[in-house]
Amino acid sequence: MKNISFLQLAVFFVFITAIIIAFLIFAGALPGLRDTRFKDLNSPIEFWGTLPRQVILPLIEEFNDKEEKNVAITYTQFSEEEYLPKVVGALAAGTGPDIWILPQQNFIENLPKALQLGPKSYPERDFRETFFDGADILLWPPGRVAAIPFVSDQLVLFWNRELFRSAGVADAPKNWAGFLAASETLTQKNSSGTITQAGAALGLFENITHAKDILSLFFLQVKNPITFLATHGSQDNLQVDLKSAINDSSFDTLPAVAESIRFFNQFADPRKQSYSWTRNMPEAQDAFAQGRLAMYIGYGSEIEKIRNKNPHLDFDIAEIPQISTGSAHVTYGKLQTLVLSRQAESLRQSAGLLFINFLARPENQSSIAERFMLAPTSRAALLAGNDNPLLATIYRSAVKNTFWLDPDPEGTYTIIRDMAEQAKLEIKSIEDIINEAHLKMQRLLEAIVLP
């Protein structure tokens with residue numbers, strides 16, 4: 001055996017020592033690059049949202065303890081009503097958050113305020129492998145990430161187990177044909193024809209809070225994306241436009257969109273056997289909580305509200321019905337995203353992205369999702385599932401999510417509502433009504449300035 005020289009021993013010792021020191025720096029036991037990367041930050045990173053402080057603060061503490069001690073995070077909680085006006089106003093004044101939670105339905109109108117991440121900061125392949133398919137709507141040409149998906153509030157079917165048992169209906173319907181049949185069975189009327197128990201709440205906008213979302217779901221299930229991105233120009237000078245798909249010939253869904261509107265409206269038409277809902281009924285969620293409505297289409301986050309309104313209500317949730325059992329399943333939700341402010345300094349953006357990536361980890365998404373009956377957007381978290389039967393349904397639903405790019409939630413509400421209401425009047429053909437809505441949507445989109 002050859003003798004080991006002093007020089008070889010010295011090199012070996014230095015090598016082992018370097019590995020140990022690097023490990024201690026990474027673990028936070030010794031100061032090093034990991035602790036000093038953001039030493040030049042002169043103030044805490046501002047994080048704004050609507051989630052309760054008691055939920056976010058422990059995550060900030062864990063981030064500082066285990067990830068990055070030199071990045072101080074300050075979280076400010078707002079009410080749902082004041083939140084977006086506060087964000088928009090602050091950013092317009094050159095202040096505001098470095099990181100903020102952006103609801104997907106407000107994504108387009110706020111896109112110019114958000115930093116888009118290029119392939120070096122967040123490769124598209126990593127994004128697609130990390131998050132569920134529906135999150136692809138946040139990918140912006142050419143290959144940029146406009147926001148990081150966080151959690152999703154899933155549209156689900158609430159059903160009253162007691163009313164179903166009394167009517168001899170064994171389970172929640174899996175498709176819309178079964179939904180229609182169940183609604184007809186469960187609807188009860190008195191001798192004068194007044195509805196005393198509603199099978200389903202569809203057909204009106206006045207007392208159905210989620211009417212726009214329900215019709216959006218119908219359109220997406222018949223493969224009409226409502227709006228779509230069109231690109232033109234070279235890769236170096238790519239132009240992006242948002243266009244209406246409601247009656248765009250390339251989708252060839254006009255008959256299906258028309259049938260979706262007819263299906264929705266029939267539940268409020270007293271001439272139809274499917275008649276189950278009237279303006280005299282309370283708001284749909286209240287009617288369900290009171291036991292006067294057998295099936296209610298609402299969001300998973302409403303479970304606790306309904307329980308609080310009626311602790312004795314025997315209800316369950318199921319995935320949203322589909323067109324048929326053999327069709328590709330499409331569900332719908334309200335996606336919450338995490339964005340970086342475009343106007344923030346680059347060092348603050350880098351620190352902010354570190355914290356966003358921490359929040360988007362499967363375990364952190366799941367902890368927030370479980371608390372509020374939401375779904376994580378992480379594939380790993382969804383694959384792990386959940387032992388809570390209600391959350392298990394919500395998780396399964398999230399895997400099948402499809403969203404659409406809404407340029408102006410209030411403006412599009414009016415367009416979709418008017419489509420349904422005008423169809424009831426039967427003055428114009430439903431095809432003409434859909435085409436008018438398509439043109440209104442296109443005019444709305446032309447006013448949007450995209451980055």
# chains A, B, ... in the order shown; residues from 1 in each chain; ligands from 1
$ select_by_dssp --residues "segment 44-167 of chain A" --states "alpha helix (DSSP H)" --output "PDB file with N, CA and C atoms, in the first residue's frame"
ATOM      1  N   ARG A  53     -54.530  37.098   8.852  1.00  0.00           N
ATOM      2  CA  ARG A  53     -53.146  37.235   9.321  1.00  0.00           C
ATOM      3  C   ARG A  53     -52.700  36.003  10.099  1.00  0.00           C
ATOM      4  N   GLN A  54     -53.620  35.436  10.886  1.00  0.00           N
ATOM      5  CA  GLN A  54     -53.219  34.288  11.710  1.00  0.00           C
ATOM      6  C   GLN A  54     -52.871  33.061  10.875  1.00  0.00           C
ATOM      7  N   VAL A  55     -53.251  33.068   9.597  1.00  0.00           N
ATOM      8  CA  VAL A  55     -52.883  31.975   8.696  1.00  0.00           C
ATOM      9  C   VAL A  55     -51.531  32.240   8.042  1.00  0.00           C
ATOM     10  N   ILE A  56     -51.284  33.494   7.671  1.00  0.00           N
ATOM     11  CA  ILE A  56     -50.075  33.841   6.930  1.00  0.00           C
ATOM     12  C   ILE A  56     -48.857  34.021   7.843  1.00  0.00           C
ATOM     13  N   LEU A  57     -49.038  34.600   9.018  1.00  0.00           N
ATOM     14  CA  LEU A  57     -47.886  34.908   9.879  1.00  0.00           C
ATOM     15  C   LEU A  57     -47.056  33.680  10.257  1.00  0.00           C
ATOM     16  N   PRO A  58     -47.674  32.520  10.596  1.00  0.00           N
ATOM     17  CA  PRO A  58     -46.842  31.344  10.880  1.00  0.00           C
ATOM     18  C   PRO A  58     -46.002  30.901   9.685  1.00  0.00           C
ATOM     19  N   LEU A  59     -46.518  31.087   8.482  1.00  0.00           N
ATOM     20  CA  LEU A  59     -45.753  30.735   7.285  1.00  0.00           C
ATOM     21  C   LEU A  59     -44.570  31.676   7.109  1.00  0.00           C
ATOM     22  N   ILE A  60     -44.777  32.966   7.413  1.00  0.00           N
ATOM     23  CA  ILE A  60     -43.672  33.920   7.342  1.00  0.00           C
ATOM     24  C   ILE A  60     -42.589  33.538   8.355  1.00  0.00           C
ATOM     25  N   GLU A  61     -43.010  33.184   9.564  1.00  0.00           N
ATOM     26  CA  GLU A  61     -42.049  32.788  10.599  1.00  0.00           C
ATOM     27  C   GLU A  61     -41.265  31.544  10.170  1.00  0.00           C
ATOM     28  N   GLU A  62     -41.948  30.582   9.598  1.00  0.00           N
ATOM     29  CA  GLU A  62     -41.265  29.368   9.135  1.00  0.00           C
ATOM     30  C   GLU A  62     -40.284  29.687   8.012  1.00  0.00           C
ATOM     31  N   PHE A  63     -40.695  30.569   7.109  1.00  0.00           N
ATOM     32  CA  PHE A  63     -39.805  30.993   6.019  1.00  0.00           C
ATOM     33  C   PHE A  63     -38.536  31.623   6.575  1.00  0.00           C
ATOM     34  N   ASN A  64     -38.671  32.495   7.566  1.00  0.00           N
ATOM     35  CA  ASN A  64     -37.506  33.151   8.162  1.00  0.00           C
ATOM     36  C   ASN A  64     -36.645  32.182   8.958  1.00  0.00           C
ATOM     37  N   ASP A  65     -37.270  31.216   9.615  1.00  0.00           N
ATOM     38  CA  ASP A  65     -36.516  30.253  10.426  1.00  0.00           C
ATOM     39  C   ASP A  65     -35.742  29.262   9.569  1.00  0.00           C
ATOM     40  N   LYS A  66     -36.369  28.789   8.495  1.00  0.00           N
ATOM     41  CA  LYS A  66     -35.802  27.674   7.745  1.00  0.00           C
ATOM     42  C   LYS A  66     -35.241  28.046   6.375  1.00  0.00           C
ATOM     43  N   GLU A  80     -62.445  41.664   1.434  1.00  0.00           N
ATOM     44  CA  GLU A  80     -62.651  41.377   0.007  1.00  0.00           C
ATOM     45  C   GLU A  80     -63.075  42.634  -0.750  1.00  0.00           C
ATOM     46  N   GLU A  81     -63.930  43.449  -0.134  1.00  0.00           N
ATOM     47  CA  GLU A  81     -64.504  44.612  -0.807  1.00  0.00           C
ATOM     48  C   GLU A  81     -63.458  45.697  -1.071  1.00  0.00           C
ATOM     49  N   GLU A  82     -62.573  45.924  -0.122  1.00  0.00           N
ATOM     50  CA  GLU A  82     -61.628  47.031  -0.257  1.00  0.00           C
ATOM     51  C   GLU A  82     -60.311  46.621  -0.908  1.00  0.00           C
ATOM     52  N   TYR A  83     -60.073  45.324  -1.041  1.00  0.00           N
ATOM     53  CA  TYR A  83     -58.734  44.840  -1.383  1.00  0.00           C
ATOM     54  C   TYR A  83     -58.205  45.367  -2.717  1.00  0.00           C
ATOM     55  N   LEU A  84     -58.850  45.019  -3.833  1.00  0.00           N
ATOM     56  CA  LEU A  84     -58.302  45.387  -5.136  1.00  0.00           C
ATOM     57  C   LEU A  84     -58.226  46.905  -5.335  1.00  0.00           C
ATOM     58  N   PRO A  85     -59.252  47.685  -4.928  1.00  0.00           N
ATOM     59  CA  PRO A  85     -59.093  49.140  -5.042  1.00  0.00           C
ATOM     60  C   PRO A  85     -57.883  49.672  -4.278  1.00  0.00           C
ATOM     61  N   LYS A  86     -57.604  49.090  -3.108  1.00  0.00           N
ATOM     62  CA  LYS A  86     -56.429  49.508  -2.331  1.00  0.00           C
ATOM     63  C   LYS A  86     -55.139  49.180  -3.075  1.00  0.00           C
ATOM     64  N   VAL A  87     -55.054  47.966  -3.628  1.00  0.00           N
ATOM     65  CA  VAL A  87     -53.850  47.554  -4.354  1.00  0.00           C
ATOM     66  C   VAL A  87     -53.630  48.461  -5.562  1.00  0.00           C
ATOM     67  N   VAL A  88     -54.676  48.625  -6.364  1.00  0.00           N
ATOM     68  CA  VAL A  88     -54.562  49.414  -7.594  1.00  0.00           C
ATOM     69  C   VAL A  88     -54.191  50.859  -7.266  1.00  0.00           C
ATOM     70  N   GLY A  89     -54.834  51.425  -6.254  1.00  0.00           N
ATOM     71  CA  GLY A  89     -54.540  52.807  -5.875  1.00  0.00           C
ATOM     72  C   GLY A  89     -53.118  52.986  -5.380  1.00  0.00           C
ATOM     73  N   ALA A  90     -52.647  52.037  -4.554  1.00  0.00           N
ATOM     74  CA  ALA A  90     -51.288  52.141  -4.010  1.00  0.00           C
ATOM     75  C   ALA A  90     -50.244  51.998  -5.109  1.00  0.00           C
ATOM     76  N   LEU A  91     -50.450  51.040  -6.007  1.00  0.00           N
ATOM     77  CA  LEU A  91     -49.486  50.846  -7.089  1.00  0.00           C
ATOM     78  C   LEU A  91     -49.455  52.054  -8.021  1.00  0.00           C
ATOM     79  N   ALA A  92     -50.616  52.653  -8.251  1.00  0.00           N
ATOM     80  CA  ALA A  92     -50.680  53.846  -9.100  1.00  0.00           C
ATOM     81  C   ALA A  92     -49.921  55.012  -8.469  1.00  0.00           C
ATOM     82  N   PHE A 107     -57.343  38.890 -13.305  1.00  0.00           N
ATOM     83  CA  PHE A 107     -55.982  38.717 -13.809  1.00  0.00           C
ATOM     84  C   PHE A 107     -55.692  39.636 -14.997  1.00  0.00           C
ATOM     85  N   ILE A 108     -56.580  39.645 -15.996  1.00  0.00           N
ATOM     86  CA  ILE A 108     -56.317  40.389 -17.228  1.00  0.00           C
ATOM     87  C   ILE A 108     -56.223  41.885 -16.970  1.00  0.00           C
ATOM     88  N   GLU A 109     -57.172  42.443 -16.225  1.00  0.00           N
ATOM     89  CA  GLU A 109     -57.179  43.887 -16.028  1.00  0.00           C
ATOM     90  C   GLU A 109     -56.000  44.372 -15.183  1.00  0.00           C
ATOM     91  N   ASN A 110     -55.369  43.459 -14.438  1.00  0.00           N
ATOM     92  CA  ASN A 110     -54.233  43.838 -13.603  1.00  0.00           C
ATOM     93  C   ASN A 110     -52.904  43.305 -14.122  1.00  0.00           C
ATOM     94  N   GLU A 124     -40.981  27.260 -18.328  1.00  0.00           N
ATOM     95  CA  GLU A 124     -42.353  26.813 -18.589  1.00  0.00           C
ATOM     96  C   GLU A 124     -42.526  25.334 -18.248  1.00  0.00           C
ATOM     97  N   ARG A 125     -41.530  24.511 -18.549  1.00  0.00           N
ATOM     98  CA  ARG A 125     -41.638  23.082 -18.261  1.00  0.00           C
ATOM     99  C   ARG A 125     -41.782  22.846 -16.756  1.00  0.00           C
ATOM    100  N   ASP A 126     -41.028  23.591 -15.947  1.00  0.00           N
ATOM    101  CA  ASP A 126     -41.150  23.464 -14.488  1.00  0.00           C
ATOM    102  C   ASP A 126     -42.549  23.843 -14.031  1.00  0.00           C
ATOM    103  N   PHE A 127     -43.078  24.910 -14.612  1.00  0.00           N
ATOM    104  CA  PHE A 127     -44.428  25.369 -14.260  1.00  0.00           C
ATOM    105  C   PHE A 127     -45.462  24.292 -14.564  1.00  0.00           C
ATOM    106  N   ARG A 128     -45.411  23.744 -15.770  1.00  0.00           N
ATOM    107  CA  ARG A 128     -46.401  22.744 -16.177  1.00  0.00           C
ATOM    108  C   ARG A 128     -46.303  21.467 -15.342  1.00  0.00           C
ATOM    109  N   GLU A 129     -45.102  21.103 -14.948  1.00  0.00           N
ATOM    110  CA  GLU A 129     -44.927  19.890 -14.158  1.00  0.00           C
ATOM    111  C   GLU A 129     -45.312  20.089 -12.696  1.00  0.00           C
ATOM    112  N   THR A 130     -45.311  21.333 -12.243  1.00  0.00           N
ATOM    113  CA  THR A 130     -45.580  21.621 -10.834  1.00  0.00           C
ATOM    114  C   THR A 130     -47.063  21.798 -10.553  1.00  0.00           C
ATOM    115  N   ARG A 161     -79.250  15.703   1.473  1.00  0.00           N
ATOM    116  CA  ARG A 161     -79.389  14.249   1.587  1.00  0.00           C
ATOM    117  C   ARG A 161     -80.798  13.854   2.061  1.00  0.00           C
ATOM    118  N   GLU A 162     -81.357  14.631   2.972  1.00  0.00           N
ATOM    119  CA  GLU A 162     -82.688  14.297   3.498  1.00  0.00           C
ATOM    120  C   GLU A 162     -83.756  14.400   2.413  1.00  0.00           C
ATOM    121  N   LEU A 163     -83.704  15.478   1.611  1.00  0.00           N
ATOM    122  CA  LEU A 163     -84.680  15.636   0.532  1.00  0.00           C
ATOM    123  C   LEU A 163     -84.508  14.546  -0.522  1.00  0.00           C
ATOM    124  N   PHE A 164     -83.276  14.171  -0.805  1.00  0.00           N
ATOM    125  CA  PHE A 164     -83.026  13.101  -1.775  1.00  0.00           C
ATOM    126  C   PHE A 164     -83.606  11.779  -1.262  1.00  0.00           C
ATOM    127  N   ARG A 165     -83.364  11.469   0.021  1.00  0.00           N
ATOM    128  CA  ARG A 165     -83.901  10.221   0.583  1.00  0.00           C
ATOM    129  C   ARG A 165     -85.417  10.197   0.516  1.00  0.00           C
ATOM    130  N   SER A 166     -86.035  11.319   0.895  1.00  0.00           N
ATOM    131  CA  SER A 166     -87.501  11.382   0.926  1.00  0.00           C
ATOM    132  C   SER A 166     -88.099  11.183  -0.458  1.00  0.00           C
ATOM    133  N   ALA A 167     -87.375  11.636  -1.492  1.00  0.00           N
ATOM    134  CA  ALA A 167     -87.869  11.502  -2.868  1.00  0.00           C
ATOM    135  C   ALA A 167     -87.439  10.191  -3.514  1.00  0.00           C
TER     136      ALA A 167
END
$ closest_atom_pairs --of "segment 368-410 of chain A" --to "segment 241-262 of chain A" --cutoff "12 Å" --atoms "only C-alpha atoms" --output "JSON lines"
{"residue": "A:Trp404", "atom": "CA", "partner": "A:Ala245", "partner_atom": "CA", "distance": 10.6}
{"residue": "A:Leu405", "atom": "CA", "partner": "A:Leu242", "partner_atom": "CA", "distance": 8.3}
{"residue": "A:Asp406", "atom": "CA", "partner": "A:Leu242", "partner_atom": "CA", "distance": 9.7}
{"residue": "A:Pro407", "atom": "CA", "partner": "A:Leu242", "partner_atom": "CA", "distance": 8.5}
$ closest_residue --among "A:Ala181, A:Phe355, A:Leu439, A:Ser216" --to "Val339 of chain A" --atoms "only C-alpha atoms"
A:Phe355
$ select_by_dssp --residues "segment 113-260 of chain A" --states "strand (DSSP E or B)" --output "ChimeraX atom specification"
/A:114,117,131,139-140,144-145,148-160,175,188-189,195-200,227-232,239-244
$ write_last_selection --atoms "N, CA and C atoms" --output "short mmCIF file (atom, residue, chain, number, x, y, z; two decimals), in the first residue's frame"
data_model
loop_
_atom_site.label_atom_id
_atom_site.label_comp_id
_atom_site.auth_asym_id
_atom_site.auth_seq_id
_atom_site.Cartn_x
_atom_site.Cartn_y
_atom_site.Cartn_z
N ALA A 114 -48.23 43.40 -13.01
CA ALA A 114 -47.52 42.21 -12.51
C ALA A 114 -46.25 41.95 -13.31
N LEU A 117 -42.44 36.49 -15.43
CA LEU A 117 -41.18 35.77 -15.21
C LEU A 117 -40.76 35.06 -16.50
N PHE A 131 -47.80 22.45 -11.47
CA PHE A 131 -49.19 22.84 -11.20
C PHE A 131 -50.18 22.13 -12.12
N LEU A 139 -49.79 31.17 -18.20
CA LEU A 139 -48.62 31.22 -19.07
C LEU A 139 -48.89 32.22 -20.18
N TRP A 140 -47.99 33.16 -20.34
CA TRP A 140 -48.22 34.25 -21.29
C TRP A 140 -47.18 34.16 -22.41
N ARG A 144 -43.69 32.97 -20.95
CA ARG A 144 -43.49 33.67 -19.68
C ARG A 144 -44.55 33.25 -18.67
N VAL A 145 -44.21 33.36 -17.39
CA VAL A 145 -45.15 33.06 -16.31
C VAL A 145 -45.62 34.38 -15.73
N ILE A 148 -48.16 32.99 -10.25
CA ILE A 148 -47.97 31.66 -9.70
C ILE A 148 -49.29 31.20 -9.08
N PRO A 149 -49.85 30.07 -9.52
CA PRO A 149 -51.11 29.60 -8.94
C PRO A 149 -50.94 29.21 -7.48
N PHE A 150 -51.95 29.51 -6.68
CA PHE A 150 -51.83 29.28 -5.24
C PHE A 150 -52.88 28.27 -4.77
N VAL A 151 -54.14 28.68 -4.69
CA VAL A 151 -55.23 27.79 -4.30
C VAL A 151 -56.44 28.08 -5.18
N SER A 152 -57.38 27.13 -5.23
CA SER A 152 -58.56 27.28 -6.07
C SER A 152 -59.82 26.95 -5.27
N ASP A 153 -60.82 27.82 -5.41
CA ASP A 153 -62.12 27.60 -4.79
C ASP A 153 -62.99 26.91 -5.84
N GLN A 154 -63.40 25.68 -5.55
CA GLN A 154 -64.03 24.85 -6.57
C GLN A 154 -65.56 24.99 -6.58
N LEU A 155 -66.13 25.13 -7.79
CA LEU A 155 -67.56 25.08 -7.97
C LEU A 155 -68.00 23.61 -7.84
N VAL A 156 -68.89 23.34 -6.90
CA VAL A 156 -69.34 21.97 -6.64
C VAL A 156 -70.86 21.95 -6.53
N LEU A 157 -71.39 20.75 -6.51
CA LEU A 157 -72.84 20.55 -6.37
C LEU A 157 -73.16 20.20 -4.92
N PHE A 158 -73.86 21.10 -4.23
CA PHE A 158 -74.37 20.82 -2.89
C PHE A 158 -75.71 20.10 -3.05
N TRP A 159 -75.91 19.03 -2.27
CA TRP A 159 -77.20 18.34 -2.36
C TRP A 159 -77.70 17.96 -0.97
N ASN A 160 -78.99 18.13 -0.79
CA ASN A 160 -79.64 17.88 0.49
C ASN A 160 -79.97 16.39 0.60
N ASN A 175 -74.35 13.65 -14.37
CA ASN A 175 -74.40 14.42 -15.61
C ASN A 175 -75.64 15.31 -15.60
N GLN A 188 -91.37 20.44 -5.70
CA GLN A 188 -92.74 20.27 -5.22
C GLN A 188 -93.51 21.59 -5.38
N LYS A 189 -94.78 21.47 -5.78
CA LYS A 189 -95.64 22.64 -5.97
C LYS A 189 -96.95 22.42 -5.24
N ILE A 195 -94.16 27.00 -6.38
CA ILE A 195 -93.07 26.11 -5.95
C ILE A 195 -92.87 26.24 -4.45
N THR A 196 -92.98 25.13 -3.76
CA THR A 196 -92.75 25.11 -2.30
C THR A 196 -91.40 24.49 -1.96
N GLN A 197 -90.93 23.64 -2.84
CA GLN A 197 -89.59 23.04 -2.67
C GLN A 197 -88.95 22.98 -4.05
N ALA A 198 -87.78 23.60 -4.19
CA ALA A 198 -87.11 23.68 -5.48
C ALA A 198 -86.12 22.53 -5.65
N GLY A 199 -86.15 21.92 -6.82
CA GLY A 199 -85.18 20.87 -7.09
C GLY A 199 -83.81 21.45 -7.38
N ALA A 200 -83.77 22.53 -8.17
CA ALA A 200 -82.50 23.16 -8.55
C ALA A 200 -82.69 24.65 -8.75
N THR A 227 -63.14 33.47 -24.23
CA THR A 227 -62.13 34.35 -24.83
C THR A 227 -60.89 33.50 -25.13
N PHE A 228 -60.05 34.00 -26.02
CA PHE A 228 -58.82 33.25 -26.33
C PHE A 228 -57.72 34.22 -26.75
N LEU A 229 -56.48 33.76 -26.59
CA LEU A 229 -55.31 34.55 -26.97
C LEU A 229 -54.96 34.30 -28.43
N ALA A 230 -54.73 35.36 -29.16
CA ALA A 230 -54.26 35.25 -30.54
C ALA A 230 -52.91 35.96 -30.61
N THR A 231 -51.93 35.32 -31.21
CA THR A 231 -50.59 35.91 -31.32
C THR A 231 -50.24 36.13 -32.79
N HIS A 232 -49.46 37.17 -33.03
CA HIS A 232 -48.96 37.42 -34.40
C HIS A 232 -47.65 38.17 -34.29
N GLN A 239 -46.85 39.90 -30.79
CA GLN A 239 -48.00 40.68 -30.36
C GLN A 239 -49.09 39.73 -29.87
N VAL A 240 -49.71 40.09 -28.76
CA VAL A 240 -50.74 39.24 -28.15
C VAL A 240 -52.06 40.01 -28.09
N ASP A 241 -53.11 39.40 -28.59
CA ASP A 241 -54.46 39.98 -28.54
C ASP A 241 -55.39 39.00 -27.84
N LEU A 242 -56.36 39.54 -27.14
CA LEU A 242 -57.40 38.72 -26.52
C LEU A 242 -58.68 38.89 -27.33
N LYS A 243 -59.25 37.78 -27.78
CA LYS A 243 -60.41 37.83 -28.67
C LYS A 243 -61.59 37.06 -28.09
N SER A 244 -62.78 37.43 -28.55
CA SER A 244 -63.99 36.74 -28.12
C SER A 244 -64.13 35.41 -28.86
#
$ closest_residue --among "A:Trp176, A:Phe315, A:Trp48, A:Phe132" --to "Tyr395 of chain A" --atoms "only C-alpha atoms"
A:Phe132
$ residues_around --residues "segment 330-332 of chain A" --least-positions-apart "4" --cutoff "10 Å" --atoms "only C-alpha atoms" --output "short mmCIF file (atom, residue, chain, number, x, y, z; two decimals) with N, CA and C atoms, in the first residue's frame"
data_model
loop_
_atom_site.label_atom_id
_atom_site.label_comp_id
_atom_site.auth_asym_id
_atom_site.auth_seq_id
_atom_site.Cartn_x
_atom_site.Cartn_y
_atom_site.Cartn_z
N GLY A 134 -55.13 23.36 -15.44
CA GLY A 134 -55.89 24.61 -15.55
C GLY A 134 -55.04 25.84 -15.34
N SER A 152 -57.38 27.13 -5.23
CA SER A 152 -58.56 27.28 -6.07
C SER A 152 -59.82 26.95 -5.27
N ASP A 153 -60.82 27.82 -5.41
CA ASP A 153 -62.12 27.60 -4.79
C ASP A 153 -62.99 26.91 -5.84
N GLN A 154 -63.40 25.68 -5.55
CA GLN A 154 -64.03 24.85 -6.57
C GLN A 154 -65.56 24.99 -6.58
N LEU A 155 -66.13 25.13 -7.79
CA LEU A 155 -67.56 25.08 -7.97
C LEU A 155 -68.00 23.61 -7.84
N VAL A 156 -68.89 23.34 -6.90
CA VAL A 156 -69.34 21.97 -6.64
C VAL A 156 -70.86 21.95 -6.53
N ASP A 213 -71.06 32.38 -13.34
CA ASP A 213 -70.09 31.28 -13.26
C ASP A 213 -70.68 29.98 -13.78
N ILE A 214 -71.98 29.76 -13.53
CA ILE A 214 -72.62 28.53 -13.99
C ILE A 214 -72.69 28.51 -15.51
N SER A 216 -70.73 30.21 -17.49
CA SER A 216 -69.34 30.07 -17.94
C SER A 216 -68.93 28.61 -17.96
N LEU A 217 -69.30 27.90 -16.90
CA LEU A 217 -69.02 26.46 -16.83
C LEU A 217 -69.66 25.73 -18.01
N PHE A 218 -70.93 26.02 -18.29
CA PHE A 218 -71.62 25.36 -19.41
C PHE A 218 -70.88 25.59 -20.72
N LEU A 220 -67.71 26.36 -21.19
CA LEU A 220 -66.42 25.66 -21.18
C LEU A 220 -66.61 24.16 -21.37
N GLN A 221 -67.70 23.62 -20.83
CA GLN A 221 -67.95 22.19 -21.00
C GLN A 221 -68.27 21.82 -22.45
N VAL A 222 -68.79 22.77 -23.22
CA VAL A 222 -69.05 22.49 -24.64
C VAL A 222 -67.89 22.97 -25.51
N LYS A 223 -66.72 23.20 -24.84
CA LYS A 223 -65.47 23.50 -25.53
C LYS A 223 -65.43 24.89 -26.16
N TYR A 299 -69.64 27.28 -4.24
CA TYR A 299 -68.21 27.06 -4.06
C TYR A 299 -67.91 26.32 -2.76
N GLU A 319 -68.97 16.40 -7.20
CA GLU A 319 -68.39 17.12 -8.33
C GLU A 319 -69.50 17.64 -9.24
N ILE A 320 -69.20 18.72 -9.91
CA ILE A 320 -70.15 19.32 -10.85
C ILE A 320 -70.54 18.30 -11.92
N PRO A 321 -71.84 18.20 -12.25
CA PRO A 321 -72.24 17.27 -13.32
C PRO A 321 -71.57 17.60 -14.66
N GLN A 322 -71.51 16.61 -15.51
CA GLN A 322 -70.90 16.75 -16.83
C GLN A 322 -71.96 16.58 -17.92
N ILE A 323 -71.57 16.87 -19.14
CA ILE A 323 -72.53 16.76 -20.25
C ILE A 323 -73.00 15.32 -20.40
N ARG A 396 -60.46 16.30 -6.15
CA ARG A 396 -60.71 15.61 -7.43
C ARG A 396 -61.24 16.60 -8.46
N SER A 397 -62.09 17.49 -8.01
CA SER A 397 -62.65 18.48 -8.93
C SER A 397 -61.58 19.39 -9.50
N ALA A 398 -60.61 19.77 -8.67
CA ALA A 398 -59.58 20.73 -9.10
C ALA A 398 -58.72 20.19 -10.24
N VAL A 399 -58.51 18.90 -10.27
CA VAL A 399 -57.68 18.29 -11.32
C VAL A 399 -58.27 18.56 -12.70
N LYS A 400 -59.60 18.73 -12.77
CA LYS A 400 -60.29 18.87 -14.06
C LYS A 400 -60.62 20.33 -14.39
N ASN A 401 -60.01 21.27 -13.67
CA ASN A 401 -60.32 22.69 -13.81
C ASN A 401 -60.04 23.24 -15.20
N THR A 402 -60.94 24.11 -15.66
CA THR A 402 -60.71 24.94 -16.83
C THR A 402 -61.14 26.35 -16.45
N PHE A 403 -60.33 27.34 -16.80
CA PHE A 403 -60.65 28.73 -16.50
C PHE A 403 -60.76 29.51 -17.81
N TRP A 404 -61.18 30.78 -17.70
CA TRP A 404 -61.16 31.61 -18.89
C TRP A 404 -60.63 32.99 -18.54
#
$ closest_residue --among "A:Glu431, A:Ala294, A:Gly352, A:Gln273" --to "Asp171 of chain A" --atoms "only C-alpha atoms"
A:Ala294
$ closest_residue --among "A:Asn70, A:Ser276, A:Asn265, A:Ser378" --to "Ile45 of chain A" --atoms "only C-alpha atoms"
A:Asn70
$ atom_distance --atom1 "atom CA of Ser429 of chain A" --atom2 "atom CA of Pro225 of chain A"
22.3 Å
$ closest_residue --among "A:Met373, A:Leu186, A:Gln266, A:Lys428" --to "Leu293 of chain A" --atoms "only C-alpha atoms"
A:Leu186
$ closest_residue --among "A:Val169, A:Glu67, A:Ala268, A:Asn106" --to "Phe358 of chain A" --atoms "only C-alpha atoms"
A:Glu67
$ atom_distance --atom1 "atom CA of Leu180 of chain A" --atom2 "atom CA of Arg417 of chain A"
21.5 Å
$ atom_distance --atom1 "atom CA of Asp408 of chain A" --atom2 "atom CA of Gly298 of chain A"
21.5 Å
$ residues_around --residues "Asn386 of chain A" --least-positions-apart "3" --cutoff "12 Å" --atoms "only C-alpha atoms" --output "PyMOL selection string"
chain A and resi 363+366-367+369-370+373-376+380-383+389-396
$ write_last_selection --atoms "C-alpha atoms" --output "mmCIF file, in the first residue's frame"
data_model
loop_
_atom_site.group_PDB
_atom_site.id
_atom_site.type_symbol
_atom_site.label_atom_id
_atom_site.label_comp_id
_atom_site.auth_asym_id
_atom_site.auth_seq_id
_atom_site.Cartn_x
_atom_site.Cartn_y
_atom_site.Cartn_z
ATOM 1 C CA GLU A 363 -47.465 21.335 2.078
ATOM 2 C CA SER A 366 -52.487 22.144 1.453
ATOM 3 C CA SER A 367 -52.472 23.717 4.915
ATOM 4 C CA ALA A 369 -56.617 24.750 1.367
ATOM 5 C CA GLU A 370 -57.706 22.501 4.236
ATOM 6 C CA MET A 373 -62.197 24.148 1.964
ATOM 7 C CA LEU A 374 -60.149 25.064 -1.091
ATOM 8 C CA ALA A 375 -58.004 22.999 -3.442
ATOM 9 C CA PRO A 376 -54.229 23.254 -3.817
ATOM 10 C CA ALA A 380 -48.066 16.731 -5.773
ATOM 11 C CA ALA A 381 -50.613 17.994 -3.226
ATOM 12 C CA LEU A 382 -53.563 16.898 -5.368
ATOM 13 C CA LEU A 383 -51.978 13.503 -5.964
ATOM 14 C CA PRO A 389 -64.416 13.305 2.324
ATOM 15 C CA LEU A 390 -65.471 16.870 1.451
ATOM 16 C CA LEU A 391 -61.926 17.935 0.636
ATOM 17 C CA ALA A 392 -61.372 14.717 -1.316
ATOM 18 C CA THR A 393 -64.237 15.762 -3.617
ATOM 19 C CA ILE A 394 -62.835 19.285 -3.920
ATOM 20 C CA TYR A 395 -59.354 17.937 -4.732
ATOM 21 C CA ARG A 396 -60.710 15.612 -7.430
#
